[in-house]
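Printed here is entry-v2.pdb (PDB, C-alpha atoms):
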```pdb
ATOM      1  CA  MET I  29      78.994 159.216 -58.411
ATOM      2  CA  ALA I  30      76.167 161.031 -60.094
ATOM      3  CA  ILE I  31      77.001 164.570 -58.975
ATOM      4  CA  TYR I  32      80.560 164.438 -60.252
ATOM      5  CA  LYS I  33      79.473 163.316 -63.715
ATOM      6  CA  LEU I  34      76.956 166.148 -63.884
ATOM      7  CA  LEU I  35      79.469 168.709 -62.637
ATOM      8  CA  GLN I  36      81.912 167.784 -65.405
ATOM      9  CA  ASN I  37      79.404 169.025 -67.972
ATOM     10  CA  ALA I  38      78.335 172.158 -66.110
ATOM     11  CA  ALA I  39      79.870 175.598 -65.866
ATOM     12  CA  PHE I  40      80.640 175.983 -62.169
ATOM     13  CA  GLU I  41      83.567 177.581 -60.385
ATOM     14  CA  PRO I  42      85.740 175.320 -58.186
ATOM     15  CA  LYS I  43      84.217 176.789 -55.004
ATOM     16  CA  ASP I  44      80.742 176.025 -56.360
ATOM     17  CA  ILE I  45      81.730 172.456 -57.182
ATOM     18  CA  GLU I  46      82.963 171.976 -53.626
ATOM     19  CA  ARG I  47      79.754 173.486 -52.206
ATOM     20  CA  LEU I  48      77.507 171.297 -54.365
ATOM     21  CA  ALA I  49      79.514 168.132 -53.745
ATOM     22  CA  THR I  50      79.281 168.776 -49.996
ATOM     23  CA  ALA I  51      75.520 169.291 -50.240
ATOM     24  CA  TYR I  52      75.212 166.087 -52.270
ATOM     25  CA  GLU I  53      77.170 164.045 -49.741
ATOM     26  CA  GLN I  54      75.159 165.513 -46.849
ATOM     27  CA  THR I  55      71.922 164.676 -48.623
ATOM     28  CA  LEU I  56      72.934 161.078 -49.308
ATOM     29  CA  ARG I  57      73.920 160.642 -45.652
ATOM     30  CA  ALA I  58      70.643 162.187 -44.464
ATOM     31  CA  LEU I  59      68.681 159.834 -46.733
ATOM     32  CA  ARG I  60      70.893 156.907 -45.713
ATOM     33  CA  LEU I  61      71.746 156.149 -49.317
ATOM     34  CA  LYS I  62      74.911 154.079 -49.305
ATOM     35  CA  ASP I  63      74.610 152.418 -52.706
ATOM     36  CA  ARG I  64      75.962 155.083 -55.045
ATOM     37  CA  SER I  65      74.648 153.151 -58.055
ATOM     38  CA  ASP I  66      71.054 153.470 -56.776
ATOM     39  CA  PRO I  67      69.069 155.483 -59.367
ATOM     40  CA  ILE I  68      67.777 157.814 -56.649
ATOM     41  CA  THR I  69      71.302 159.240 -56.332
ATOM     42  CA  GLN I  70      70.938 160.626 -59.868
ATOM     43  CA  LEU I  71      67.717 162.389 -58.859
ATOM     44  CA  VAL I  72      69.417 163.769 -55.768
ATOM     45  CA  ALA I  73      72.329 165.055 -57.867
ATOM     46  CA  GLU I  74      70.019 166.744 -60.364
ATOM     47  CA  LYS I  75      68.054 168.391 -57.559
ATOM     48  CA  ILE I  76      71.251 169.597 -55.862
ATOM     49  CA  LEU I  77      72.447 171.189 -59.109
ATOM     50  CA  ALA I  78      69.090 172.854 -59.723
ATOM     51  CA  ILE I  79      69.069 174.337 -56.226
ATOM     52  CA  GLY I  80      72.747 175.255 -56.514
ATOM     53  CA  ARG I  81      71.978 177.386 -59.531
ATOM     54  CA  LEU I  82      69.701 179.530 -57.351
ATOM     55  CA  GLY I  83      72.786 180.963 -55.676
ATOM     56  CA  ILE I  84      72.317 179.429 -52.240
ATOM     57  CA  GLU I  85      75.749 179.293 -50.625
ATOM     58  CA  ASP I  86      75.210 177.022 -47.608
ATOM     59  CA  PRO I  87      75.572 173.297 -48.461
ATOM     60  CA  THR I  88      73.354 172.342 -45.510
ATOM     61  CA  GLU I  89      70.570 174.607 -46.741
ATOM     62  CA  ILE I  90      70.911 173.174 -50.249
ATOM     63  CA  SER I  91      70.700 169.664 -48.808
ATOM     64  CA  GLN I  92      67.625 170.466 -46.724
ATOM     65  CA  LEU I  93      65.855 172.043 -49.696
ATOM     66  CA  ALA I  94      66.684 169.060 -51.889
ATOM     67  CA  ILE I  95      65.263 166.628 -49.344
ATOM     68  CA  LYS I  96      62.122 168.738 -49.024
ATOM     69  CA  GLU I  97      61.648 169.110 -52.787
ATOM     70  CA  LEU I  98      62.196 165.391 -53.330
ATOM     71  CA  GLY I  99      59.414 164.741 -50.823
ATOM     72  CA  MET I 100      61.665 162.709 -48.559
ATOM     73  CA  PRO I 101      61.257 162.605 -44.780
TER      74      PRO I 101
END
```

Please render this file's structure as structure tokens.
Amino acid sequence: MAIYKLLQNAAFEPKDIERLATAYEQTLRALRLKDRSDPITQLVAEKILAIGRLGIEDPTEISQLAIKELGMP
């Protein structure tokens, strides 16, 4: 999965990794993306990490912001 590959190369605490992985999974479910090899999952992962670096703690808020910033319904 895209987010886990990106997290391996980033400096995040374990609690942050859990928060970002949760946001990623919520976002994929909201977008109904089941094929984890779909290139859009990479974009979602990158957006989640970018938002996660802003210090937002709530995975649901991160997910909602990612969907909005990606221009998805």

> Neighbours of Glu97 of chain I within 9 Å (only C-alpha atoms; same-chain residues fewer than 4 positions away dropped), as a list in words?
Replying inline: Lys75, Gln92 and Leu93 of chain I

Segment 68-101 of chain I residues near segment 39-45 of chain I within 10 Å, closest pair each, using only C-alpha atoms, as a Markdown table:
```
| residue | atom | partner | partner_atom | distance |
| --- | --- | --- | --- | --- |
| I:Leu77 | CA | I:Ile45 | CA | 9.6 |
| I:Gly80 | CA | I:Asp44 | CA | 8.0 |
| I:Arg81 | CA | I:Phe40 | CA | 9.2 |
| I:Gly83 | CA | I:Asp44 | CA | 9.4 |
| I:Ile84 | CA | I:Asp44 | CA | 10.0 |
| I:Glu85 | CA | I:Asp44 | CA | 8.3 |
| I:Pro87 | CA | I:Asp44 | CA | 9.8 |
```

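Each of I:Leu61, I:Ala30, I:Ala94, I:Leu56 was compared to Ala78 of chain I using all atoms listed in the file, and I:Ala94 turns out to be the nearest.
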
I want to know what sits within 12 Å of Ile31 of chain I, based on only C-alpha atoms, with residues of the same chain fewer than 4 positions away left out; could you give that as a CSV table (one decimal) with C-alpha atoms, in the coordinates of the input?
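To be explicit, this is the file written out as result.csv:
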```csv
chain,number,residue,atom,x,y,z
I,35,LEU,CA,79.5,168.7,-62.6
I,36,GLN,CA,81.9,167.8,-65.4
I,37,ASN,CA,79.4,169.0,-68.0
I,38,ALA,CA,78.3,172.2,-66.1
I,45,ILE,CA,81.7,172.5,-57.2
I,46,GLU,CA,83.0,172.0,-53.6
I,47,ARG,CA,79.8,173.5,-52.2
I,48,LEU,CA,77.5,171.3,-54.4
I,49,ALA,CA,79.5,168.1,-53.7
I,50,THR,CA,79.3,168.8,-50.0
I,51,ALA,CA,75.5,169.3,-50.2
I,52,TYR,CA,75.2,166.1,-52.3
I,53,GLU,CA,77.2,164.0,-49.7
I,55,THR,CA,71.9,164.7,-48.6
I,56,LEU,CA,72.9,161.1,-49.3
I,64,ARG,CA,76.0,155.1,-55.0
I,65,SER,CA,74.6,153.2,-58.1
I,68,ILE,CA,67.8,157.8,-56.6
I,69,THR,CA,71.3,159.2,-56.3
I,70,GLN,CA,70.9,160.6,-59.9
I,71,LEU,CA,67.7,162.4,-58.9
I,72,VAL,CA,69.4,163.8,-55.8
I,73,ALA,CA,72.3,165.1,-57.9
I,74,GLU,CA,70.0,166.7,-60.4
I,75,LYS,CA,68.1,168.4,-57.6
I,76,ILE,CA,71.3,169.6,-55.9
I,77,LEU,CA,72.4,171.2,-59.1
I,78,ALA,CA,69.1,172.9,-59.7
I,80,GLY,CA,72.7,175.3,-56.5
```

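Atom CA of Met100 of chain I is positioned 15.8 Å from atom CA of Ile79 of chain I.
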